[in-house]
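Chemist: This is my_file-v8.txt, which holds compact mmCIF, C-alpha atoms:
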# COMPACT_ATOMS: atom_id res chain seq x y z
CA MET I 13 73.99 201.61 72.32
CA ASN I 14 77.09 203.50 71.17
CA ASN I 15 78.24 203.57 67.54
CA LYS I 16 80.84 200.86 68.01
CA THR I 17 78.30 198.43 69.47
CA ILE I 18 75.87 199.15 66.65
CA ASN I 19 78.58 198.53 64.04
CA LEU I 20 79.67 195.28 65.69
CA SER I 21 76.05 194.09 65.74
CA THR I 22 75.79 194.93 62.05
CA PHE I 23 78.81 192.78 61.20
CA PHE I 24 77.49 189.91 63.33
CA CYS I 25 74.30 189.94 61.24
CA LEU I 26 76.34 190.06 58.03
CA TYR I 27 78.37 186.98 58.90
CA LEU I 28 75.29 185.19 60.25
CA ALA I 29 73.33 185.94 57.05
CA ARG I 30 75.78 183.82 55.09
CA ALA I 31 76.59 181.18 57.70
CA ILE I 32 73.12 179.79 58.43
CA PRO I 33 71.99 179.00 54.85
CA ALA I 34 75.46 177.86 53.75
CA THR I 35 75.73 175.38 56.65
CA PHE I 36 72.14 174.19 56.36
CA ILE I 37 71.96 173.73 52.59
CA MET I 38 75.00 171.47 52.29
CA THR I 39 73.98 169.32 55.28
CA ALA I 40 70.30 169.14 54.34
CA LEU I 41 70.98 168.49 50.67
CA GLN I 42 73.32 165.60 51.40
CA VAL I 43 70.76 164.01 53.73
CA THR I 44 67.84 164.61 51.35
CA LEU I 45 69.72 163.24 48.34
CA ARG I 46 70.63 160.11 50.23
CA GLN I 47 67.02 159.65 51.31
CA HIS I 48 66.05 159.80 47.63
CA GLY I 49 68.53 157.03 46.84
CA ILE I 50 71.14 159.22 45.12
CA GLY I 51 74.58 157.56 44.99
CA LEU I 52 77.46 158.59 47.25
CA ALA I 53 79.62 159.48 44.24
CA THR I 54 77.04 162.05 43.09
CA ILE I 55 76.66 163.42 46.60
CA GLY I 56 80.44 163.73 46.85
CA LEU I 57 80.46 165.97 43.76
CA LEU I 58 78.52 168.58 45.75
CA SER I 59 81.85 169.61 47.23
CA LEU I 60 82.65 171.23 43.87
CA THR I 61 80.06 173.91 44.65
CA ARG I 62 82.52 175.23 47.23
CA LEU I 63 85.06 176.05 44.52
CA PRO I 64 84.26 179.81 44.47
CA TRP I 65 85.03 179.89 48.18
CA SER I 66 88.47 178.43 47.56
CA ILE I 67 89.40 180.99 44.90
CA LYS I 68 87.77 184.06 46.43
CA PHE I 69 91.18 185.74 46.60
CA LEU I 70 90.89 186.29 42.83
CA TRP I 71 88.24 189.00 43.19
CA ALA I 72 89.63 190.55 46.37
CA PRO I 73 91.80 193.09 44.43
CA LEU I 74 88.73 194.19 42.44
CA ILE I 75 86.88 194.88 45.67
CA ASP I 76 89.88 196.77 47.08
CA ARG I 77 90.13 198.77 43.88
CA HIS I 78 86.50 199.74 43.38
CA CYS I 79 85.05 199.92 46.89
CA ILE I 80 86.20 203.32 48.16
CA THR I 81 83.28 204.73 50.14
CA VAL I 82 80.93 203.12 52.64
CA GLY I 83 78.23 203.40 49.99
CA ASP I 84 80.34 201.33 47.57
CA PHE I 85 80.74 198.58 50.16
CA LYS I 86 77.04 198.60 51.08
CA LYS I 87 75.85 198.41 47.48
CA LEU I 88 78.04 195.37 46.75
CA ILE I 89 77.10 193.63 50.00
CA ILE I 90 73.38 194.18 49.44
CA ALA I 91 73.57 193.12 45.77
CA THR I 92 75.53 189.90 46.43
CA GLU I 93 73.45 188.96 49.48
CA THR I 94 70.27 189.47 47.44
CA VAL I 95 71.58 187.09 44.77
CA PHE I 96 72.61 184.63 47.49
CA ALA I 97 69.19 184.76 49.20
CA ALA I 98 67.27 184.55 45.90
CA ALA I 99 69.22 181.45 44.82
CA ILE I 100 68.55 179.74 48.17
CA PHE I 101 64.87 180.77 47.97
CA LEU I 102 64.47 179.21 44.51
CA VAL I 103 66.22 176.00 45.55
CA GLY I 104 63.47 175.48 48.12
CA PHE I 105 60.81 175.18 45.39
CA LEU I 106 62.67 172.56 43.34
CA ASP I 107 62.34 168.80 43.61
CA VAL I 108 65.67 167.37 44.73
CA ALA I 109 65.35 164.14 42.73
CA LYS I 110 64.07 165.75 39.50
CA ASN I 111 65.95 169.07 39.41
CA LEU I 112 69.35 168.16 40.83
CA THR I 113 71.35 169.84 38.03
CA LEU I 114 69.47 173.13 38.43
CA ILE I 115 69.78 172.93 42.22
CA VAL I 116 73.56 172.45 41.97
CA ALA I 117 73.78 175.41 39.54
CA LEU I 118 71.84 177.63 41.95
CA ILE I 119 73.98 176.53 44.89
CA LEU I 120 77.10 177.30 42.85
CA LEU I 121 75.68 180.76 42.14
CA SER I 122 74.83 181.27 45.81
CA THR I 123 78.34 180.20 46.84
CA PHE I 124 79.91 182.66 44.42
CA ALA I 125 77.70 185.48 45.69
CA ALA I 126 78.44 184.51 49.31
CA SER I 127 82.19 184.50 48.67
CA VAL I 128 82.06 188.00 47.16
CA GLN I 129 79.91 189.21 50.07
CA ASN I 130 82.35 187.67 52.55
CA VAL I 131 85.41 189.34 51.04
CA THR I 132 83.53 192.65 50.87
CA SER I 133 82.43 192.36 54.50
CA ASP I 134 85.96 191.49 55.64
CA THR I 135 87.40 194.42 53.68
CA LEU I 136 84.85 196.81 55.14
CA ALA I 137 85.56 195.46 58.63
CA VAL I 138 89.31 196.08 58.31
CA ASN I 139 88.65 199.61 57.06
CA ALA I 140 85.87 200.53 59.49
CA PHE I 141 87.59 199.48 62.73
CA ARG I 142 90.80 200.76 64.20
CA ARG I 143 93.67 198.32 64.77
CA GLY I 144 92.83 198.08 68.48
CA ASP I 145 89.26 197.03 67.66
CA HIS I 146 90.14 194.27 65.20
CA SER I 147 89.79 191.64 67.92
CA ALA I 148 86.21 192.77 68.58
CA VAL I 149 85.09 192.50 64.95
CA THR I 150 86.86 189.15 64.48
CA SER I 151 84.99 187.98 67.56
CA MET I 152 81.75 188.92 65.76
CA LYS I 153 82.95 187.03 62.68
CA SER I 154 83.54 183.87 64.70
CA MET I 155 80.30 184.24 66.68
CA GLY I 156 78.33 184.61 63.46
CA ARG I 157 79.96 181.49 62.05
CA TYR I 158 79.32 179.42 65.17
CA THR I 159 75.72 180.62 65.43
CA GLY I 160 75.23 179.67 61.79
CA ARG I 161 76.75 176.26 62.45
CA LEU I 162 74.51 175.76 65.50
CA LEU I 163 71.30 176.82 63.76
CA GLY I 164 71.99 175.64 60.21
CA GLY I 165 73.75 172.39 61.03
CA GLY I 166 71.71 171.41 64.09
CA ILE I 167 68.39 172.98 64.97
CA LEU I 168 67.16 173.63 61.41
CA ILE I 169 68.01 170.07 60.36
CA MET I 170 65.60 168.87 63.02
CA VAL I 171 63.01 171.41 61.82
CA LEU I 172 63.51 170.12 58.27
CA HIS I 173 62.48 166.65 59.37
CA ARG I 174 59.12 168.02 60.53
CA TYR I 175 58.24 170.72 58.00
CA GLY I 176 60.04 169.55 54.87
CA TRP I 177 62.40 170.96 52.23
CA HIS I 178 59.81 173.11 50.41
CA THR I 179 58.91 175.01 53.59
CA VAL I 180 62.20 175.43 55.46
CA VAL I 181 64.52 176.37 52.56
CA PRO I 182 62.44 179.28 51.13
CA VAL I 183 61.98 180.69 54.64
CA LEU I 184 65.74 180.43 55.11
CA GLY I 185 66.36 182.42 51.92
CA PHE I 186 63.96 185.11 53.08
CA CYS I 187 65.67 185.30 56.51
CA ALA I 188 69.08 185.67 54.82
CA LEU I 189 67.71 188.74 53.04
CA LEU I 190 66.34 190.22 56.27
CA LEU I 191 69.73 189.89 58.00
CA ILE I 192 71.31 192.45 55.64
CA LEU I 193 68.89 195.16 56.74
CA PRO I 194 71.23 196.26 59.57
CA VAL I 195 74.05 197.10 57.12
CA ALA I 196 71.62 199.01 54.91
CA LEU I 197 70.31 201.03 57.87
CA ASP I 198 73.55 201.50 59.81
CA LYS I 199 74.64 205.14 59.41
CA HIS I 200 77.59 204.93 61.79
CA ILE I 201 80.09 202.98 59.67
CA ILE I 202 82.98 205.21 58.59
CA VAL I 203 86.02 204.34 56.45
CA ASN I 204 89.15 206.32 55.71
CA GLU I 205 88.93 207.10 52.00
CA GLU I 206 92.30 208.87 51.78
CA HIS I 207 94.44 205.74 52.01
CA LYS I 208 92.62 204.34 48.98
CA LYS I 209 94.88 206.44 46.76
CA LYS I 210 96.95 203.26 46.58
CA ARG I 211 94.75 201.00 44.46
CA ALA I 212 95.05 197.24 44.45
CA THR I 213 95.98 195.32 41.29
CA VAL I 214 96.27 191.64 40.38
CA SER I 215 100.05 191.86 40.90
CA ASP I 216 99.40 192.46 44.61
CA PHE I 217 98.98 188.70 44.99
CA TRP I 218 102.69 188.28 44.34
CA HIS I 219 103.70 191.47 46.10
CA PHE I 220 102.08 190.15 49.29
CA PHE I 221 104.55 187.25 49.34
CA THR I 222 107.54 189.44 48.44
CA GLN I 223 107.17 191.66 51.50
CA LYS I 224 110.32 191.68 53.62
CA HIS I 225 108.87 190.20 56.81
CA ILE I 226 105.93 188.19 55.43
CA LEU I 227 107.50 184.70 55.53
CA PRO I 228 107.19 184.36 59.36
CA GLN I 229 103.50 185.28 59.05
CA VAL I 230 102.91 182.69 56.31
CA ILE I 231 104.52 179.94 58.40
CA PHE I 232 102.46 181.05 61.41
CA LEU I 233 99.24 180.79 59.36
CA PHE I 234 100.09 177.24 58.30
CA LEU I 235 101.08 176.06 61.79
CA PHE I 236 98.60 177.72 64.13
CA PHE I 237 95.67 175.32 63.58
CA ALA I 238 97.68 172.35 62.32
CA GLY I 239 98.35 170.96 65.80
CA PHE I 240 94.67 170.13 66.38
CA ASP I 241 92.97 170.50 62.97
CA GLY I 242 93.46 166.82 62.20
CA ILE I 243 91.77 165.79 65.44
CA MET I 244 88.84 168.14 64.72
CA SER I 245 88.37 166.58 61.28
CA MET I 246 88.42 163.06 62.72
CA LEU I 247 86.26 163.84 65.77
CA LYS I 248 82.96 162.65 64.25
CA PRO I 249 84.35 159.39 62.78
CA TRP I 250 86.03 158.72 66.14
CA MET I 251 82.71 159.23 67.96
CA VAL I 252 81.05 156.81 65.53
CA ASP I 253 83.73 154.24 66.34
CA MET I 254 83.03 154.87 70.04
CA GLY I 255 79.42 153.80 69.45
CA TYR I 256 77.64 157.16 69.30
CA ASN I 257 74.78 157.59 66.83
CA MET I 258 74.04 160.58 64.60
CA LYS I 259 71.58 162.14 67.03
CA GLU I 260 74.08 161.93 69.91
CA ILE I 261 76.91 163.32 67.79
CA GLY I 262 74.67 166.20 66.74
CA LEU I 263 73.79 166.98 70.35
CA TYR I 264 77.26 166.62 71.91
CA ASN I 265 79.42 168.03 69.12
CA GLY I 266 76.98 170.12 67.09
CA ILE I 267 75.01 171.82 69.86
CA ILE I 268 77.06 171.60 73.07
CA GLY I 269 80.45 171.95 71.35
CA THR I 270 79.35 174.81 69.11
CA SER I 271 77.72 176.62 72.05
CA VAL I 272 81.05 176.50 73.89
CA ALA I 273 82.81 177.87 70.80
CA PHE I 274 80.27 180.72 70.55
CA VAL I 275 80.77 181.77 74.19
CA MET I 276 84.55 181.59 73.89
CA ALA I 277 84.55 183.60 70.66
CA ALA I 278 82.71 186.37 72.53
CA LEU I 279 85.17 186.30 75.43
CA ALA I 280 88.28 185.88 73.28
CA GLY I 281 87.66 189.17 71.49
CA ARG I 282 88.03 190.96 74.82
CA TRP I 283 91.13 189.26 76.16
CA VAL I 284 92.95 189.37 72.81
CA LYS I 285 92.47 193.15 72.83
CA ARG I 286 93.57 193.42 76.46
CA LEU I 287 96.64 191.18 76.17
CA GLY I 288 97.63 191.93 72.55
CA THR I 289 97.98 189.45 69.70
CA ARG I 290 101.55 188.39 70.56
CA VAL I 291 100.60 187.27 74.07
CA ALA I 292 97.36 185.72 72.80
CA GLN I 293 99.27 183.70 70.20
CA ARG I 294 101.54 182.28 72.89
CA ILE I 295 98.64 181.39 75.18
CA VAL I 296 96.74 179.65 72.37
CA ALA I 297 99.90 177.81 71.30
CA VAL I 298 100.12 176.37 74.83
CA LEU I 299 96.40 175.51 74.89
CA ALA I 300 96.71 173.82 71.49
CA ILE I 301 99.11 171.26 72.96
CA LEU I 302 96.42 170.19 75.45
CA VAL I 303 94.10 168.99 72.64
CA PRO I 304 96.26 166.20 71.15
CA ALA I 305 97.66 165.43 74.61
CA TYR I 306 94.16 164.91 76.03
CA PHE I 307 92.92 162.80 73.12
CA LEU I 308 96.13 160.77 73.28
CA PHE I 309 95.34 160.10 76.94
CA ILE I 310 91.81 158.97 76.00
CA THR I 311 93.21 156.34 73.61
CA TYR I 312 94.67 154.58 76.64
CA THR I 313 91.28 154.43 78.41
CA THR I 314 87.74 153.27 77.80
CA PRO I 315 86.20 156.69 77.16
CA THR I 316 83.12 157.50 79.21
CA LEU I 317 80.61 160.11 78.09
CA THR I 318 82.15 162.54 80.57
CA LEU I 319 85.63 162.11 79.06
CA VAL I 320 84.24 162.53 75.54
CA LEU I 321 82.37 165.71 76.49
CA ILE I 322 85.50 167.14 78.13
CA GLY I 323 87.39 166.47 74.90
CA ILE I 324 84.69 168.16 72.79
CA VAL I 325 84.56 171.19 75.08
CA LEU I 326 88.36 171.44 75.07
CA ILE I 327 88.72 171.31 71.30
CA ARG I 328 85.94 173.85 70.69
CA PHE I 329 87.35 176.10 73.40
CA VAL I 330 90.78 176.11 71.74
CA GLU I 331 89.30 176.42 68.24
CA ALA I 332 87.38 179.60 69.14
CA CYS I 333 90.36 181.21 70.90
CA ALA I 334 92.63 180.34 67.99
CA ALA I 335 90.17 181.65 65.39
CA VAL I 336 89.77 185.07 67.02
CA THR I 337 93.52 185.37 67.59
CA LEU I 338 94.38 184.35 64.04
CA TYR I 339 91.78 186.61 62.40
CA THR I 340 92.97 189.54 64.48
CA THR I 341 96.59 188.87 63.54
CA ALA I 342 95.61 188.66 59.86
CA MET I 343 93.71 191.96 60.04
CA ASP I 344 96.72 193.61 61.64
CA SER I 345 98.96 192.33 58.81
CA VAL I 346 97.42 194.09 55.81
CA ARG I 347 98.77 196.84 53.58
CA SER I 348 97.03 200.16 53.14
CA GLY I 349 94.67 200.12 50.17
CA ARG I 350 94.98 196.33 49.85
CA GLU I 351 93.11 195.26 52.98
CA GLY I 352 90.71 192.84 51.29
CA THR I 353 93.41 191.26 49.15
CA ASP I 354 95.86 190.70 52.00
CA PHE I 355 93.25 189.50 54.51
CA THR I 356 91.71 187.08 52.00
CA ILE I 357 95.10 185.68 50.97
CA GLN I 358 95.87 184.94 54.61
CA LEU I 359 92.53 183.19 55.17
CA VAL I 360 93.03 181.10 52.03
CA LEU I 361 96.42 180.00 53.40
CA VAL I 362 94.72 178.94 56.65
CA HIS I 363 92.02 177.05 54.75
CA LEU I 364 94.67 175.38 52.58
CA SER I 365 96.55 174.29 55.69
CA GLY I 366 93.30 172.95 57.18
CA ALA I 367 92.41 171.06 54.00
CA LEU I 368 95.85 169.44 53.81
CA THR I 369 95.74 168.53 57.50
CA SER I 370 92.25 167.02 57.16
CA VAL I 371 93.22 164.93 54.13
CA LEU I 372 96.44 163.70 55.74
CA SER I 373 94.76 163.00 59.09
CA GLY I 374 92.39 160.53 57.44
CA GLY I 375 95.25 158.54 55.98
CA ILE I 376 97.31 158.75 59.16
CA GLY I 377 94.32 157.69 61.27
CA GLN I 378 93.76 154.65 59.07
CA TRP I 379 97.46 153.76 58.96
CA LEU I 380 98.50 154.48 62.55
CA ASP I 381 95.09 154.51 64.26
CA TYR I 382 93.81 157.46 66.32
CA ARG I 383 96.68 157.14 68.77
CA GLY I 384 99.24 157.63 66.02
CA LEU I 385 97.29 160.64 64.74
CA CYS I 386 97.32 162.18 68.23
CA LEU I 387 101.07 161.65 68.55
CA ILE I 388 101.76 163.37 65.22
CA GLU I 389 99.39 166.23 66.05
CA LEU I 390 101.12 166.61 69.42
CA ALA I 391 104.50 166.88 67.68
CA ILE I 392 103.13 169.54 65.30
CA SER I 393 101.65 171.56 68.17
CA VAL I 394 105.01 171.49 69.95
CA VAL I 395 106.74 172.72 66.79
CA SER I 396 104.14 175.49 66.54
CA LEU I 397 104.71 176.49 70.17
CA VAL I 398 108.48 176.61 69.75
CA TYR I 399 108.14 178.63 66.55
CA ILE I 400 105.75 181.16 68.07
CA TYR I 401 107.82 181.62 71.22
CA GLY I 402 111.05 181.77 69.27
CA TYR I 403 111.55 182.91 65.71
CA TYR I 404 108.09 184.32 64.99
CA SER I 405 107.94 186.55 68.07
CA ARG I 406 111.29 188.12 67.18
CA ARG I 407 110.60 188.62 63.47
CA ALA I 408 106.86 189.39 63.31
What is this structure when it is put down as structure tokens?
Modeler:
Amino acid sequence: MNNKTINLSTFFCLYLARAIPATFIMTALQVTLRQHGIGLATIGLLSLTRLPWSIKFLWAPLIDRHCITVGDFKKLIIATETVFAAAIFLVGFLDVAKNLTLIVALILLSTFAASVQNVTSDTLAVNAFRRGDHSAVTSMKSMGRYTGRLLGGGILIMVLHRYGWHTVVPVLGFCALLLILPVALDKHIIVNEEHKKKRATVSDFWHFFTQKHILPQVIFLFLFFAGFDGIMSMLKPWMVDMGYNMKEIGLYNGIIGTSVAFVMAALAGRWVKRLGTRVAQRIVAVLAILVPAYFLFITYTTPTLTLVLIGIVLIRFVEACAAVTLYTTAMDSVRSGREGTDFTIQLVLVHLSGALTSVLSGGIGQWLDYRGLCLIELAISVVSLVYIYGYYSRRA
């Protein structure tokens, strides 16, 4: 393998090391707590453990400022992943019903460590790969996430049922530690240390938004997923209303849908590089219209399993293409010496847009039914398409 392939494999392992335990723990803990008779209100409070992930932009300037050499990046990645893995490992030895407070504290610690590791990995990725290779490393980022979702949210949940919490969770923590070995052993990662003469500060948060041509990028980040994000968030409740049980939803959406997303993430990295981000954005904007249009069509039929599977494949296909395109665009839109800060700010904006869309889609779905939700999502996707083909392409 050449150096580039080795480096890409290293980053795949990095993103996978965080994705599997993070996906598994939240899913498994919710199920296990419910089986122990814990109330829904208490289970709902588990979402607070994701708070460090929502504010990870706060420590991005510190990482930009103090991580100069490859050794600096590796030390921080290894340290934070070790804390992450150790916290997960310890959780596996605790009784869920008797030690819930301690478990939540450990998960909060693991989430904080994972968020620091993620920002550090993203910053290293932007620095270690040339602009033309950003699509390849963002493909690895998406593939790691989808693999983690497939294993942590699907296969390992089934393994949990057989082997139990006290066996599966400690093994998972140990595996998370093993997955950082590639970054420790990889001698081929190189970063340009000269551009680090410009050191990031807290004020760079505001300076990011005061850049002359940044407003079109901010609007793009908010719109790109909004045309189908609401449908993705309501997909599982819709399948429940269609009569599918948890096992079927896990198979069709969790395994088949995620497998499609994984394959498309691998392919999207190649065609985004070949076509360029501007062309890729336009193609994805067109594809995004197909998602609400298709699900709107389904509301006028009695959906068969075939129609449902086509819808799942379509939405995961578009999601993967959009993710690689958006991450590549975000990597290309960073300032020298402030790569981690700028990239993280952009991802937080995307997550904020997704959270708002998900919250609003629930209310819209209840008020106007799924058909009304599809109509609104279709209108948003058209606005996004017009914006990308018009104003954004000229100003970006």
Chemist: Would you pick out the contacts of Arg157 of chain I at 9 Å or less, using all atoms listed in the file, so that residues sharing its chain but fewer than 4 positions from it are not included, and give the list as a PyMOL selection string?
Modeler: chain I and resi 24+27-28+30-32+152-153+161-162+274
Chemist: Measuring atom to atom with only C-alpha atoms, identify which of I:Leu359, I:Leu364, I:Ile327, I:Ala280 is nearest to Leu299 of chain I.
Modeler: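 Among I:Leu359, I:Leu364, I:Ile327, I:Ala280, it is I:Ile327 that comes nearest to Leu299 of chain I.
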Chemist: Please return as a PyMOL selection string every residue within 10 Å of (95.0, 180.4, 68.5), taking into account all atoms listed in the file and the file's own coordinates.
Modeler: chain I and resi 236-237+280+289+292-300+330-339+341
Chemist: Report, as lines of an AutoDock Vina configuration file, the centre and edge lengths in Å (one decimal) of the axis-aligned box enclosing every listed atom of segment 236-243 of chain I, padded by 6 Å on each side.
Modeler:
center_x = 95.2
center_y = 171.8
center_z = 64.3
size_x = 18.8
size_y = 23.9
size_z = 16.2
Chemist: Taking only C-alpha atoms into account, name the residue in I:Asp134, I:Val195, I:Phe217, I:Phe69 that is nearest to Thr150 of chain I.
Modeler: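 So, comparing all the options, the nearest one is I:Asp134.
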Chemist: Work out how far atom CA of Ile80 of chain I is from atom CA of Leu190 of chain I, in Å to one decimal.
Modeler: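 Atom CA of Ile80 of chain I lies at a distance of 25.1 Å from atom CA of Leu190 of chain I.
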Chemist: Take atom CA of Gly242 of chain I and atom CA of His146 of chain I and report the distance between them in Å, one decimal.
Modeler: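 Atom CA of Gly242 of chain I sits 27.8 Å away from atom CA of His146 of chain I.
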Chemist: Could you tell me how far atom CA of Ser151 of chain I sits from atom CA of Ile89 of chain I, in Å to one decimal place?
Modeler: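 These two atoms are separated by 20.1 Å.
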Chemist: Using all atoms listed in the file, pick whichever of I:Cys79, I:Ala117, I:Val149, I:Val180 has the shortest atom-to-atom distance to Arg282 of chain I.
Modeler: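 Checking each of I:Cys79, I:Ala117, I:Val149, I:Val180 against Arg282 of chain I, counting all atoms listed in the file, the winner is I:Val149.
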Chemist: Given the choices I:Ala278, I:Phe141, I:Asp107, I:Ala305, which gets closest to His200 of chain I if the distance is worked out from all atoms listed in the file?
Modeler: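 Using all atoms listed in the file, the shortest distance to His200 of chain I belongs to I:Phe141.
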Chemist: Would you pick out the contacts of Asp344 of chain I at 9 Å or less, using only C-alpha atoms, so that residues sharing its chain but fewer than 2 positions from it are not included, and give the list as a PyMOL selection string?
Modeler: chain I and resi 138+143+146+339-342+346-347+355
Chemist: I need the residues from that last selection saved to file as a compact mmCIF listing (two decimals), in the frame of the given file (with C-alpha atoms), if you can.
Modeler:
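Produced file again33.txt, reproduced below:
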# COMPACT_ATOMS: atom_id res chain seq x y z
CA VAL I 138 89.31 196.08 58.31
CA ARG I 143 93.67 198.32 64.77
CA HIS I 146 90.14 194.27 65.20
CA TYR I 339 91.78 186.61 62.40
CA THR I 340 92.97 189.54 64.48
CA THR I 341 96.59 188.87 63.54
CA ALA I 342 95.61 188.66 59.86
CA VAL I 346 97.42 194.09 55.81
CA ARG I 347 98.77 196.84 53.58
CA PHE I 355 93.25 189.50 54.51
